$ cat final_5.pdb   # PDB, C-alpha atoms
ATOM      1  CA  MET A   1      21.029 -53.589 -23.114
ATOM      2  CA  THR A   2      20.685 -56.298 -20.457
ATOM      3  CA  ARG A   3      21.686 -55.107 -17.003
ATOM      4  CA  LEU A   4      23.553 -57.409 -14.680
ATOM      5  CA  ARG A   5      24.022 -57.032 -10.963
ATOM      6  CA  PHE A   6      27.443 -56.951  -9.359
ATOM      7  CA  SER A   7      28.458 -56.467  -5.769
ATOM      8  CA  ALA A   8      29.577 -53.077  -4.482
ATOM      9  CA  ALA A   9      33.026 -54.565  -3.868
ATOM     10  CA  PHE A  10      33.210 -55.673  -7.514
ATOM     11  CA  ILE A  11      32.385 -52.177  -8.778
ATOM     12  CA  LEU A  12      34.800 -50.463  -6.384
ATOM     13  CA  LEU A  13      37.626 -52.797  -7.322
ATOM     14  CA  LEU A  14      37.136 -52.126 -11.029
ATOM     15  CA  VAL A  15      37.174 -48.361 -10.496
ATOM     16  CA  VAL A  16      40.326 -48.582  -8.387
ATOM     17  CA  LEU A  17      42.044 -50.680 -11.038
ATOM     18  CA  ALA A  18      41.052 -48.276 -13.783
ATOM     19  CA  PHE A  19      42.176 -45.088 -12.082
ATOM     20  CA  SER A  20      45.118 -46.171  -9.926
ATOM     21  CA  SER A  21      47.276 -47.654 -12.681
ATOM     22  CA  PRO A  22      49.832 -45.083 -13.898
ATOM     23  CA  LEU A  23      49.817 -44.532 -17.637
ATOM     24  CA  THR A  24      53.290 -45.064 -19.044
ATOM     25  CA  TRP A  25      53.707 -44.604 -22.772
ATOM     26  CA  GLY A  26      56.482 -47.133 -23.241
ATOM     27  CA  GLN A  27      55.103 -49.470 -20.611
ATOM     28  CA  ARG A  28      57.728 -50.970 -18.309
ATOM     29  CA  GLN A  29      57.640 -54.730 -18.721
ATOM     30  CA  PRO A  30      57.800 -57.160 -15.787
ATOM     31  CA  THR A  31      61.282 -58.409 -15.037
ATOM     32  CA  PRO A  32      61.732 -61.990 -16.266
ATOM     33  CA  ASP A  33      62.609 -64.535 -13.590
ATOM     34  CA  TYR A  34      65.822 -66.288 -14.571
ATOM     35  CA  GLY A  35      66.331 -67.790 -11.125
ATOM     36  CA  PRO A  36      68.427 -66.620  -8.152
ATOM     37  CA  SER A  37      71.806 -67.519  -9.630
ATOM     38  CA  VAL A  38      71.579 -65.361 -12.770
ATOM     39  CA  SER A  39      72.149 -61.577 -12.723
ATOM     40  CA  THR A  40      69.891 -59.420 -14.849
ATOM     41  CA  PHE A  41      70.442 -55.904 -16.165
ATOM     42  CA  ASP A  42      68.631 -52.882 -17.565
ATOM     43  CA  ILE A  43      69.255 -50.665 -20.576
ATOM     44  CA  THR A  44      68.038 -47.082 -20.493
ATOM     45  CA  GLY A  45      68.474 -44.478 -23.180
ATOM     46  CA  TYR A  46      66.997 -41.783 -25.376
ATOM     47  CA  VAL A  47      65.931 -41.461 -28.999
ATOM     48  CA  LYS A  48      66.618 -38.103 -30.651
ATOM     49  CA  SER A  49      66.441 -36.639 -34.109
ATOM     50  CA  GLU A  50      69.795 -36.514 -35.850
ATOM     51  CA  LEU A  51      68.731 -33.280 -37.520
ATOM     52  CA  ASP A  52      67.828 -31.006 -34.600
ATOM     53  CA  ASP A  53      68.607 -33.079 -31.471
ATOM     54  CA  GLN A  54      64.946 -33.013 -30.389
ATOM     55  CA  PRO A  55      63.421 -36.040 -28.590
ATOM     56  CA  VAL A  56      61.628 -38.587 -30.767
ATOM     57  CA  SER A  57      58.549 -39.972 -29.009
ATOM     58  CA  ASP A  58      56.680 -43.195 -29.767
ATOM     59  CA  ALA A  59      59.643 -44.745 -31.603
ATOM     60  CA  ARG A  60      59.443 -48.563 -31.563
ATOM     61  CA  LEU A  61      62.513 -50.156 -29.975
ATOM     62  CA  ARG A  62      63.554 -53.800 -29.917
ATOM     63  CA  LEU A  63      66.385 -55.551 -28.098
ATOM     64  CA  ILE A  64      67.919 -58.222 -30.339
ATOM     65  CA  THR A  65      70.482 -60.909 -29.470
ATOM     66  CA  GLU A  66      73.539 -61.580 -31.632
ATOM     67  CA  ASN A  67      71.653 -64.561 -33.052
ATOM     68  CA  GLY A  68      68.838 -62.314 -34.219
ATOM     69  CA  ASN A  69      66.321 -63.353 -31.549
ATOM     70  CA  LEU A  70      64.059 -60.910 -29.713
ATOM     71  CA  ALA A  71      65.447 -60.512 -26.165
ATOM     72  CA  HIS A  72      62.770 -58.172 -24.789
ATOM     73  CA  PRO A  73      59.233 -57.132 -25.775
ATOM     74  CA  THR A  74      59.025 -54.059 -28.006
ATOM     75  CA  VAL A  75      58.839 -50.745 -26.108
ATOM     76  CA  LEU A  76      57.955 -47.200 -27.185
ATOM     77  CA  SER A  77      59.986 -44.101 -26.413
ATOM     78  CA  SER A  78      58.310 -41.544 -24.150
ATOM     79  CA  ALA A  79      57.549 -37.893 -24.877
ATOM     80  CA  THR A  80      61.114 -37.060 -23.814
ATOM     81  CA  GLY A  81      62.529 -39.812 -26.046
ATOM     82  CA  GLU A  82      63.345 -42.092 -23.104
ATOM     83  CA  PHE A  83      63.142 -45.869 -23.327
ATOM     84  CA  ARG A  84      64.007 -48.751 -21.005
ATOM     85  CA  PHE A  85      64.604 -52.469 -21.368
ATOM     86  CA  VAL A  86      64.311 -54.258 -18.034
ATOM     87  CA  GLY A  87      65.580 -57.556 -16.675
ATOM     88  CA  PHE A  88      67.759 -59.585 -19.056
ATOM     89  CA  ARG A  89      71.109 -61.367 -18.996
ATOM     90  CA  GLY A  90      74.377 -59.587 -19.646
ATOM     91  CA  GLY A  91      76.053 -59.925 -23.031
ATOM     92  CA  ASP A  92      76.111 -58.382 -26.498
ATOM     93  CA  TYR A  93      72.887 -57.050 -28.020
ATOM     94  CA  PHE A  94      71.571 -54.778 -30.731
ATOM     95  CA  VAL A  95      69.008 -52.042 -30.067
ATOM     96  CA  GLU A  96      66.858 -51.409 -33.143
ATOM     97  CA  ALA A  97      64.724 -48.257 -33.435
ATOM     98  CA  GLU A  98      62.190 -47.234 -36.030
ATOM     99  CA  LYS A  99      59.491 -44.633 -36.526
ATOM    100  CA  GLN A 100      57.505 -43.509 -39.523
ATOM    101  CA  GLY A 101      59.234 -40.585 -41.206
ATOM    102  CA  TYR A 102      62.700 -41.646 -40.031
ATOM    103  CA  GLU A 103      65.325 -44.051 -41.283
ATOM    104  CA  PRO A 104      65.637 -47.113 -38.986
ATOM    105  CA  ALA A 105      68.715 -47.289 -36.753
ATOM    106  CA  ARG A 106      70.635 -50.122 -35.107
ATOM    107  CA  VAL A 107      73.132 -49.737 -32.242
ATOM    108  CA  ARG A 108      75.321 -52.442 -30.714
ATOM    109  CA  VAL A 109      75.532 -52.525 -26.913
ATOM    110  CA  THR A 110      77.524 -54.710 -24.517
ATOM    111  CA  ILE A 111      75.985 -55.307 -21.093
ATOM    112  CA  ALA A 112      78.585 -56.280 -18.533
ATOM    113  CA  LEU A 113      78.269 -55.152 -14.938
ATOM    114  CA  HIS A 114      75.829 -52.293 -14.457
ATOM    115  CA  GLY A 115      73.692 -52.240 -17.569
ATOM    116  CA  ASP A 116      74.099 -49.437 -20.075
ATOM    117  CA  GLN A 117      72.721 -46.114 -21.287
ATOM    118  CA  VAL A 118      72.233 -45.671 -25.016
ATOM    119  CA  MET A 119      71.695 -42.641 -27.227
ATOM    120  CA  ILE A 120      70.017 -43.400 -30.547
ATOM    121  CA  ARG A 121      69.701 -40.723 -33.227
ATOM    122  CA  LEU A 122      67.200 -41.196 -36.023
ATOM    123  CA  ARG A 123      67.691 -39.496 -39.387
ATOM    124  CA  PRO A 124      64.478 -37.950 -40.792
ATOM    125  CA  ILE A 125      63.475 -39.066 -44.268
ATOM    126  CA  ARG A 126      63.540 -35.973 -46.403
ATOM    127  CA  ASN A 127      60.364 -34.947 -48.157
ATOM    128  CA  ALA A 128      58.728 -31.689 -49.069
ATOM    129  CA  GLU A 129      55.937 -31.922 -46.475
ATOM    130  CA  SER A 130      58.306 -32.263 -43.512
ATOM    131  CA  GLU A 131      60.550 -29.337 -44.402
ATOM    132  CA  PRO A 132      58.543 -26.610 -42.578
ATOM    133  CA  ALA A 133      58.443 -28.572 -39.309
ATOM    134  CA  ARG A 134      62.120 -29.476 -39.636
ATOM    135  CA  SER A 135      63.064 -25.871 -40.260
ATOM    136  CA  ALA A 136      61.045 -24.741 -37.240
ATOM    137  CA  GLY A 137      62.873 -27.280 -35.054
ATOM    138  CA  LEU A 138      66.240 -26.072 -36.285
ATOM    139  CA  VAL A 139      65.349 -22.440 -35.640
ATOM    140  CA  ARG A 140      64.137 -23.191 -32.107
ATOM    141  CA  ASN A 141      67.155 -25.318 -31.253
ATOM    142  CA  ALA A 142      69.482 -22.563 -32.479
ATOM    143  CA  ALA A 143      67.653 -19.992 -30.344
ATOM    144  CA  ILE A 144      68.317 -21.838 -27.073
ATOM    145  CA  PRO A 145      71.700 -20.947 -25.512
ATOM    146  CA  GLU A 146      74.112 -23.827 -25.130
ATOM    147  CA  LYS A 147      74.310 -23.474 -21.345
ATOM    148  CA  ALA A 148      70.522 -23.668 -21.109
ATOM    149  CA  LEU A 149      70.544 -26.819 -23.246
ATOM    150  CA  GLU A 150      73.222 -28.350 -21.011
ATOM    151  CA  ALA A 151      71.232 -27.583 -17.856
ATOM    152  CA  PHE A 152      68.094 -29.064 -19.422
ATOM    153  CA  GLU A 153      69.887 -32.292 -20.393
ATOM    154  CA  LYS A 154      71.323 -32.592 -16.879
ATOM    155  CA  GLY A 155      67.855 -32.089 -15.475
ATOM    156  CA  ILE A 156      66.434 -34.803 -17.709
ATOM    157  CA  THR A 157      69.114 -37.251 -16.543
ATOM    158  CA  LEU A 158      68.452 -36.407 -12.885
ATOM    159  CA  LEU A 159      64.693 -36.712 -13.376
ATOM    160  CA  LYS A 160      64.385 -39.748 -15.617
ATOM    161  CA  ILE A 161      67.404 -41.880 -14.726
ATOM    162  CA  GLN A 162      68.549 -40.915 -11.230
ATOM    163  CA  SER A 163      65.128 -39.931  -9.785
ATOM    164  CA  ASP A 164      66.744 -36.973  -7.990
ATOM    165  CA  TYR A 165      63.783 -34.635  -8.381
ATOM    166  CA  ARG A 166      65.017 -31.678  -6.347
ATOM    167  CA  ALA A 167      68.341 -31.626  -8.180
ATOM    168  CA  ALA A 168      66.441 -31.882 -11.472
ATOM    169  CA  ILE A 169      64.299 -28.879 -10.547
ATOM    170  CA  ALA A 170      67.453 -26.871  -9.809
ATOM    171  CA  GLN A 171      68.777 -27.642 -13.303
ATOM    172  CA  PHE A 172      65.470 -26.780 -14.981
ATOM    173  CA  GLU A 173      65.341 -23.515 -13.028
ATOM    174  CA  ARG A 174      68.878 -22.768 -14.190
ATOM    175  CA  ALA A 175      67.854 -23.448 -17.784
ATOM    176  CA  THR A 176      64.826 -21.141 -17.579
ATOM    177  CA  LYS A 177      66.852 -18.350 -15.992
ATOM    178  CA  ILE A 178      69.290 -18.491 -18.887
ATOM    179  CA  TYR A 179      66.480 -18.777 -21.423
ATOM    180  CA  PRO A 180      63.073 -17.650 -20.033
ATOM    181  CA  GLY A 181      61.265 -18.957 -23.120
ATOM    182  CA  TYR A 182      62.338 -22.553 -22.461
ATOM    183  CA  TYR A 183      58.839 -24.034 -22.210
ATOM    184  CA  GLU A 184      60.191 -27.600 -22.417
ATOM    185  CA  ALA A 185      62.151 -26.997 -19.202
ATOM    186  CA  PHE A 186      59.088 -25.608 -17.412
ATOM    187  CA  ALA A 187      57.130 -28.713 -18.466
ATOM    188  CA  GLN A 188      59.747 -31.099 -17.048
ATOM    189  CA  MET A 189      59.980 -28.960 -13.919
ATOM    190  CA  GLY A 190      56.276 -29.641 -13.490
ATOM    191  CA  VAL A 191      56.926 -33.376 -13.774
ATOM    192  CA  ALA A 192      59.623 -33.187 -11.084
ATOM    193  CA  TYR A 193      57.367 -31.243  -8.708
ATOM    194  CA  ASP A 194      54.593 -33.759  -9.308
ATOM    195  CA  ARG A 195      56.957 -36.638  -8.431
ATOM    196  CA  LEU A 196      57.699 -34.819  -5.159
ATOM    197  CA  GLY A 197      53.990 -34.583  -4.414
ATOM    198  CA  ASP A 198      53.952 -30.784  -4.761
ATOM    199  CA  ALA A 199      50.846 -30.466  -6.927
ATOM    200  CA  SER A 200      50.606 -26.690  -6.571
ATOM    201  CA  SER A 201      54.138 -26.053  -7.838
ATOM    202  CA  ALA A 202      53.675 -28.667 -10.576
ATOM    203  CA  GLU A 203      50.554 -26.890 -11.800
ATOM    204  CA  LYS A 204      52.287 -23.493 -11.818
ATOM    205  CA  ALA A 205      55.245 -24.816 -13.829
ATOM    206  CA  LEU A 206      52.988 -26.579 -16.338
ATOM    207  CA  GLN A 207      50.753 -23.521 -16.721
ATOM    208  CA  LYS A 208      53.888 -21.444 -17.386
ATOM    209  CA  SER A 209      54.936 -23.889 -20.106
ATOM    210  CA  VAL A 210      51.478 -23.681 -21.697
ATOM    211  CA  GLN A 211      51.536 -19.889 -21.552
ATOM    212  CA  ILE A 212      54.995 -19.521 -23.106
ATOM    213  CA  SER A 213      54.271 -22.031 -25.864
ATOM    214  CA  SER A 214      50.866 -20.432 -26.587
ATOM    215  CA  GLY A 215      49.230 -23.829 -26.045
ATOM    216  CA  LYS A 216      50.993 -25.345 -29.061
ATOM    217  CA  TYR A 217      53.310 -27.666 -27.107
ATOM    218  CA  SER A 218      51.330 -30.754 -26.161
ATOM    219  CA  GLU A 219      53.501 -32.144 -23.332
ATOM    220  CA  PRO A 220      52.451 -29.688 -20.571
ATOM    221  CA  LEU A 221      48.831 -29.892 -21.717
ATOM    222  CA  PHE A 222      48.767 -33.666 -21.281
ATOM    223  CA  LEU A 223      50.576 -33.448 -17.945
ATOM    224  CA  LEU A 224      48.281 -30.700 -16.662
ATOM    225  CA  ALA A 225      45.207 -32.690 -17.673
ATOM    226  CA  GLU A 226      46.621 -35.631 -15.706
ATOM    227  CA  VAL A 227      47.187 -33.428 -12.637
ATOM    228  CA  PHE A 228      43.619 -32.091 -12.836
ATOM    229  CA  ASN A 229      42.167 -35.582 -13.257
ATOM    230  CA  ASP A 230      44.145 -36.840 -10.271
ATOM    231  CA  GLN A 231      42.594 -34.007  -8.226
ATOM    232  CA  ASN A 232      39.069 -34.743  -9.537
ATOM    233  CA  ARG A 233      39.018 -31.358 -11.295
ATOM    234  CA  PHE A 234      37.348 -32.942 -14.288
ATOM    235  CA  THR A 235      35.913 -29.815 -15.933
ATOM    236  CA  GLU A 236      39.363 -28.220 -16.050
ATOM    237  CA  ALA A 237      40.900 -31.514 -17.157
ATOM    238  CA  GLU A 238      38.465 -31.779 -20.057
ATOM    239  CA  LYS A 239      39.300 -28.281 -21.285
ATOM    240  CA  ILE A 240      43.053 -28.743 -21.129
ATOM    241  CA  ALA A 241      42.920 -32.275 -22.596
ATOM    242  CA  ARG A 242      40.985 -30.939 -25.600
ATOM    243  CA  GLN A 243      43.709 -28.328 -26.074
ATOM    244  CA  GLY A 244      46.245 -31.141 -25.996
ATOM    245  CA  THR A 245      44.474 -33.226 -28.627
ATOM    246  CA  ALA A 246      44.219 -30.117 -30.811
ATOM    247  CA  ALA A 247      47.986 -29.580 -30.472
ATOM    248  CA  GLU A 248      48.823 -33.257 -31.142
ATOM    249  CA  ALA A 249      45.902 -35.090 -32.674
ATOM    250  CA  ASP A 250      47.643 -38.463 -33.026
ATOM    251  CA  SER A 251      48.759 -38.826 -29.398
ATOM    252  CA  PRO A 252      46.950 -41.437 -27.252
ATOM    253  CA  ARG A 253      47.773 -39.518 -24.069
ATOM    254  CA  GLY A 254      45.414 -36.659 -24.877
ATOM    255  CA  TYR A 255      42.478 -38.961 -25.612
ATOM    256  CA  TYR A 256      43.203 -41.021 -22.487
ATOM    257  CA  GLU A 257      43.124 -37.959 -20.222
ATOM    258  CA  LEU A 258      40.072 -36.617 -22.049
ATOM    259  CA  SER A 259      38.323 -39.948 -21.507
ATOM    260  CA  ARG A 260      39.226 -39.866 -17.798
ATOM    261  CA  ALA A 261      37.812 -36.347 -17.481
ATOM    262  CA  LEU A 262      34.576 -37.193 -19.294
ATOM    263  CA  ALA A 263      34.164 -40.351 -17.213
ATOM    264  CA  GLY A 264      34.653 -38.252 -14.079
ATOM    265  CA  LEU A 265      31.892 -35.944 -15.342
ATOM    266  CA  LYS A 266      29.644 -39.008 -15.878
ATOM    267  CA  ARG A 267      29.488 -38.365 -19.626
ATOM    268  CA  ASP A 268      30.160 -41.999 -20.346
ATOM    269  CA  THR A 269      29.202 -42.163 -24.027
ATOM    270  CA  GLU A 270      31.653 -39.362 -24.828
ATOM    271  CA  ALA A 271      34.221 -40.929 -22.516
ATOM    272  CA  GLU A 272      33.928 -44.208 -24.393
ATOM    273  CA  GLU A 273      34.525 -42.447 -27.723
ATOM    274  CA  SER A 274      37.749 -40.836 -26.473
ATOM    275  CA  GLY A 275      38.860 -44.046 -24.781
ATOM    276  CA  VAL A 276      38.387 -46.003 -27.994
ATOM    277  CA  LYS A 277      40.535 -43.423 -29.824
ATOM    278  CA  ALA A 278      43.269 -43.822 -27.201
ATOM    279  CA  ARG A 279      43.080 -47.603 -27.562
ATOM    280  CA  ALA A 280      43.306 -47.409 -31.358
ATOM    281  CA  LEU A 281      46.428 -45.254 -31.099
ATOM    282  CA  LYS A 282      48.036 -47.367 -28.359
ATOM    283  CA  PRO A 283      46.461 -50.818 -28.050
ATOM    284  CA  ASP A 284      49.278 -52.022 -25.780
ATOM    285  CA  SER A 285      48.459 -49.615 -22.926
ATOM    286  CA  PRO A 286      46.957 -51.555 -19.973
ATOM    287  CA  PRO A 287      45.456 -48.490 -18.220
ATOM    288  CA  VAL A 288      43.475 -47.605 -21.347
ATOM    289  CA  HIS A 289      41.806 -51.032 -21.284
ATOM    290  CA  LEU A 290      40.999 -50.670 -17.581
ATOM    291  CA  LEU A 291      39.532 -47.218 -18.127
ATOM    292  CA  LEU A 292      37.309 -48.567 -20.901
ATOM    293  CA  ALA A 293      36.336 -51.470 -18.646
ATOM    294  CA  ASN A 294      35.015 -49.031 -16.044
ATOM    295  CA  ILE A 295      33.170 -47.027 -18.707
ATOM    296  CA  HIS A 296      31.623 -50.143 -20.258
ATOM    297  CA  ARG A 297      30.518 -51.359 -16.836
ATOM    298  CA  ARG A 298      28.655 -48.081 -16.293
ATOM    299  CA  LEU A 299      27.167 -48.293 -19.795
ATOM    300  CA  HIS A 300      26.048 -51.866 -19.006
ATOM    301  CA  ASP A 301      27.981 -53.073 -22.067
ATOM    302  CA  TYR A 302      29.184 -56.297 -20.479
ATOM    303  CA  PRO A 303      30.461 -58.063 -23.612
ATOM    304  CA  SER A 304      32.775 -55.070 -24.185
ATOM    305  CA  LEU A 305      33.723 -55.112 -20.508
ATOM    306  CA  LEU A 306      34.778 -58.746 -20.888
ATOM    307  CA  GLN A 307      36.875 -57.851 -23.947
ATOM    308  CA  ASP A 308      38.519 -54.981 -22.021
ATOM    309  CA  LEU A 309      39.559 -57.304 -19.205
ATOM    310  CA  ASP A 310      40.810 -59.929 -21.673
ATOM    311  CA  ALA A 311      42.938 -57.296 -23.420
ATOM    312  CA  TYR A 312      44.370 -56.091 -20.108
ATOM    313  CA  LEU A 313      45.252 -59.602 -18.960
ATOM    314  CA  ALA A 314      46.920 -60.378 -22.302
ATOM    315  CA  LEU A 315      49.227 -57.406 -21.706
ATOM    316  CA  VAL A 316      49.732 -57.851 -17.955
ATOM    317  CA  PRO A 317      49.238 -61.549 -17.116
ATOM    318  CA  ASN A 318      50.954 -61.468 -13.726
ATOM    319  CA  GLY A 319      50.869 -59.390 -10.558
ATOM    320  CA  PRO A 320      48.259 -58.432  -7.913
ATOM    321  CA  PRO A 321      46.266 -56.092 -10.244
ATOM    322  CA  SER A 322      46.099 -58.886 -12.816
ATOM    323  CA  ASP A 323      44.886 -61.351 -10.203
ATOM    324  CA  GLN A 324      42.120 -58.903  -9.295
ATOM    325  CA  ALA A 325      41.239 -58.321 -12.951
ATOM    326  CA  ARG A 326      41.087 -62.090 -13.504
ATOM    327  CA  ILE A 327      38.612 -62.447 -10.636
ATOM    328  CA  LEU A 328      36.503 -59.667 -12.132
ATOM    329  CA  ARG A 329      36.598 -61.355 -15.521
ATOM    330  CA  GLU A 330      35.252 -64.608 -14.076
ATOM    331  CA  GLN A 331      32.454 -62.736 -12.291
ATOM    332  CA  VAL A 332      31.492 -60.933 -15.520
ATOM    333  CA  LYS A 333      31.559 -64.196 -17.474
ATOM    334  CA  LYS A 334      29.391 -66.001 -14.926
ATOM    335  CA  ALA A 335      26.959 -63.074 -14.786
ATOM    336  CA  LEU A 336      26.641 -63.079 -18.567
ATOM    337  CA  GLU A 337      26.066 -66.819 -18.626
ATOM    338  CA  ALA A 338      23.453 -66.550 -15.877
ATOM    339  CA  GLY A 339      21.591 -63.793 -17.694
ATOM    340  CA  PRO A 340      19.453 -60.989 -16.190
ATOM    341  CA  ARG A 341      17.977 -61.327 -12.716
TER     342      ARG A 341
END

$ encode --input "final_5.pdb" --output "structure tokens"
Amino acid sequence: MTRLRFSAAFILLLVVLAFSSPLTWGQRQPTPDYGPSVSTFDITGYVKSELDDQPVSDARLRLITENGNLAHPTVLSSATGEFRFVGFRGGDYFVEAEKQGYEPARVRVTIALHGDQVMIRLRPIRNAESEPARSAGLVRNAAIPEKALEAFEKGITLLKIQSDYRAAIAQFERATKIYPGYYEAFAQMGVAYDRLGDASSAEKALQKSVQISSGKYSEPLFLLAEVFNDQNRFTEAEKIARQGTAAEADSPRGYYELSRALAGLKRDTEAEESGVKARALKPDSPPVHLLLANIHRRLHDYPSLLQDLDAYLALVPNGPPSDQARILREQVKKALEAGPR
């Protein structure tokens, strides 16, 4: 493979872009600019299963006007079922949700003064293969005391909507005291501690969630891998990320964190393989494209690097990171045109 020379500043900037962009599965879209005289609003909400009230992740959600036009780019629900539409005019809309294995749902919302919060419940499509998993969800939901469930839901609202992390932790602690086996609450407690910058407490809460769930609940595994990667503890991150992909093989988050860990360990060929899997599962994730860009730069695969930057810019055309990525793209293009030195 032809090797091209780039400045140290070029390389540093690409690495910073790749590893400083937070990965959000249900990427928040830039707020449209309607001008100073027009108010814009947000819609936040959750997608849950109608059967067992569990969060539904990676559901595709669209905001539709009364005339049937798309009012906002499609978003995906997070691991906790949360979704958000950002920056649009007030009025009447429909929120449409769909996911494989569930019947599609449509909810009417009216946005007036302060936006709105929406709860969407998807009905699973009944089939023989899904019965065991559905039964397990029902059994677990029935085992959790109602007061623990209430505390957990309050904690989720405080964490995800109000950003009151200390109050959220108090609710999650209340939930786990009522029901010590509530591994979902320990996982979200870890998220809240991480938002407060308390990495030690976040790690302890996430490890507790992994322990209680016997490593079968993917959420704390993905979060713990992220914490380890952020601390450059790549060997530990690799181990925990592999556990996460084993628990949930079709989640892009596990492969993204595994790719980060392998890249940190300078095992770039393996990192590329995991990054490509993450991209295949979630092609609309900008950080995945930046991560692959850094890996392809180190592998001296400059045509792929150019494609990575093009994909990123198609998803995020505006903003300071995009301006930097655009400069990098032009440097890569010119270097390719100039050939080896």

$ resolve_selection --input "final_5.pdb" --expression "the PyMOL selection byres ((chain A and resi 260) around 9)" --output "PyMOL selection string"
chain A and resi 19+226+229+234+237-238+255-259+261-265+271+274-275+291

$ closest_atom_pairs --input "final_5.pdb" --of "segment 185-297 of chain A" --to "segment 320-333 of chain A" --cutoff "12 Å" --atoms "all atoms listed in the file" --output "tab-separated table"
residue	atom	partner	partner_atom	distance
A:Pro286	CA	A:Ser322	CA	10.3
A:Pro287	CA	A:Pro321	CA	11.0
A:His289	CA	A:Ala325	CA	11.1
A:Leu290	CA	A:Ala325	CA	8.9
A:Ala293	CA	A:Ala325	CA	10.2
A:Asn294	CA	A:Leu328	CA	11.4
A:His296	CA	A:Val332	CA	11.8
A:Arg297	CA	A:Val332	CA	9.7

$ residues_near_point --input "final_5.pdb" --point "(63.4, -29.4, -15.6)" --cutoff "12 Å" --atoms "only C-alpha atoms" --output "short mmCIF file (atom, residue, chain, number, x, y, z; two decimals) with C-alpha atoms, keeping the file's coordinate frame"
data_model
loop_
_atom_site.label_atom_id
_atom_site.label_comp_id
_atom_site.auth_asym_id
_atom_site.auth_seq_id
_atom_site.Cartn_x
_atom_site.Cartn_y
_atom_site.Cartn_z
CA THR A 80 61.11 -37.06 -23.81
CA ALA A 148 70.52 -23.67 -21.11
CA LEU A 149 70.54 -26.82 -23.25
CA GLU A 150 73.22 -28.35 -21.01
CA ALA A 151 71.23 -27.58 -17.86
CA PHE A 152 68.09 -29.06 -19.42
CA GLU A 153 69.89 -32.29 -20.39
CA LYS A 154 71.32 -32.59 -16.88
CA GLY A 155 67.86 -32.09 -15.48
CA ILE A 156 66.43 -34.80 -17.71
CA THR A 157 69.11 -37.25 -16.54
CA LEU A 158 68.45 -36.41 -12.88
CA LEU A 159 64.69 -36.71 -13.38
CA LYS A 160 64.39 -39.75 -15.62
CA ASP A 164 66.74 -36.97 -7.99
CA TYR A 165 63.78 -34.64 -8.38
CA ARG A 166 65.02 -31.68 -6.35
CA ALA A 167 68.34 -31.63 -8.18
CA ALA A 168 66.44 -31.88 -11.47
CA ILE A 169 64.30 -28.88 -10.55
CA ALA A 170 67.45 -26.87 -9.81
CA GLN A 171 68.78 -27.64 -13.30
CA PHE A 172 65.47 -26.78 -14.98
CA GLU A 173 65.34 -23.52 -13.03
CA ARG A 174 68.88 -22.77 -14.19
CA ALA A 175 67.85 -23.45 -17.78
CA THR A 176 64.83 -21.14 -17.58
CA LYS A 177 66.85 -18.35 -15.99
CA TYR A 182 62.34 -22.55 -22.46
CA TYR A 183 58.84 -24.03 -22.21
CA GLU A 184 60.19 -27.60 -22.42
CA ALA A 185 62.15 -27.00 -19.20
CA PHE A 186 59.09 -25.61 -17.41
CA ALA A 187 57.13 -28.71 -18.47
CA GLN A 188 59.75 -31.10 -17.05
CA MET A 189 59.98 -28.96 -13.92
CA GLY A 190 56.28 -29.64 -13.49
CA VAL A 191 56.93 -33.38 -13.77
CA ALA A 192 59.62 -33.19 -11.08
CA TYR A 193 57.37 -31.24 -8.71
CA ASP A 194 54.59 -33.76 -9.31
CA ALA A 202 53.68 -28.67 -10.58
CA ALA A 205 55.24 -24.82 -13.83
CA LEU A 206 52.99 -26.58 -16.34
CA SER A 209 54.94 -23.89 -20.11
#

$ atom_distance --input "final_5.pdb" --atom1 "atom CA of Ala278 of chain A" --atom2 "atom CA of Ser251 of chain A"
7.7 Å

$ atom_distance --input "final_5.pdb" --atom1 "atom CA of Gly91 of chain A" --atom2 "atom CA of Thr110 of chain A"
5.6 Å

$ atom_distance --input "final_5.pdb" --atom1 "atom CA of Gly45 of chain A" --atom2 "atom CA of Arg279 of chain A"
26.0 Å

$ resolve_selection --input "final_5.pdb" --expression "the PyMOL selection byres ((chain A and resi 82) around 8)" --output "CSV table (one decimal) with C-alpha atoms, in the frame of the given file"
chain,number,residue,atom,x,y,z
A,44,THR,CA,68.0,-47.1,-20.5
A,45,GLY,CA,68.5,-44.5,-23.2
A,46,TYR,CA,67.0,-41.8,-25.4
A,47,VAL,CA,65.9,-41.5,-29.0
A,57,SER,CA,58.5,-40.0,-29.0
A,77,SER,CA,60.0,-44.1,-26.4
A,78,SER,CA,58.3,-41.5,-24.2
A,79,ALA,CA,57.5,-37.9,-24.9
A,80,THR,CA,61.1,-37.1,-23.8
A,81,GLY,CA,62.5,-39.8,-26.0
A,83,PHE,CA,63.1,-45.9,-23.3
A,84,ARG,CA,64.0,-48.8,-21.0
A,160,LYS,CA,64.4,-39.7,-15.6

$ resolve_selection --input "final_5.pdb" --expression "the PyMOL selection byres ((chain A and resi 244) around 6)" --output "ChimeraX atom specification"
/A:218,221-222,241-243,245-247,254

$ residues_near_point --input "final_5.pdb" --point "(76.0, -57.6, -25.2)" --cutoff "8 Å" --atoms "only C-alpha atoms" --output "list in words"
Thr65, Glu66, Gly90, Gly91, Asp92, Tyr93, Phe94, Arg108, Val109, Thr110, Ile111 and Ala112 of chain A

$ residues_around --input "final_5.pdb" --residues "Pro73 of chain A" --least-positions-apart "3" --cutoff "9 Å" --atoms "only C-alpha atoms" --output "PyMOL selection string"
chain A and resi 29+61-63+70+85
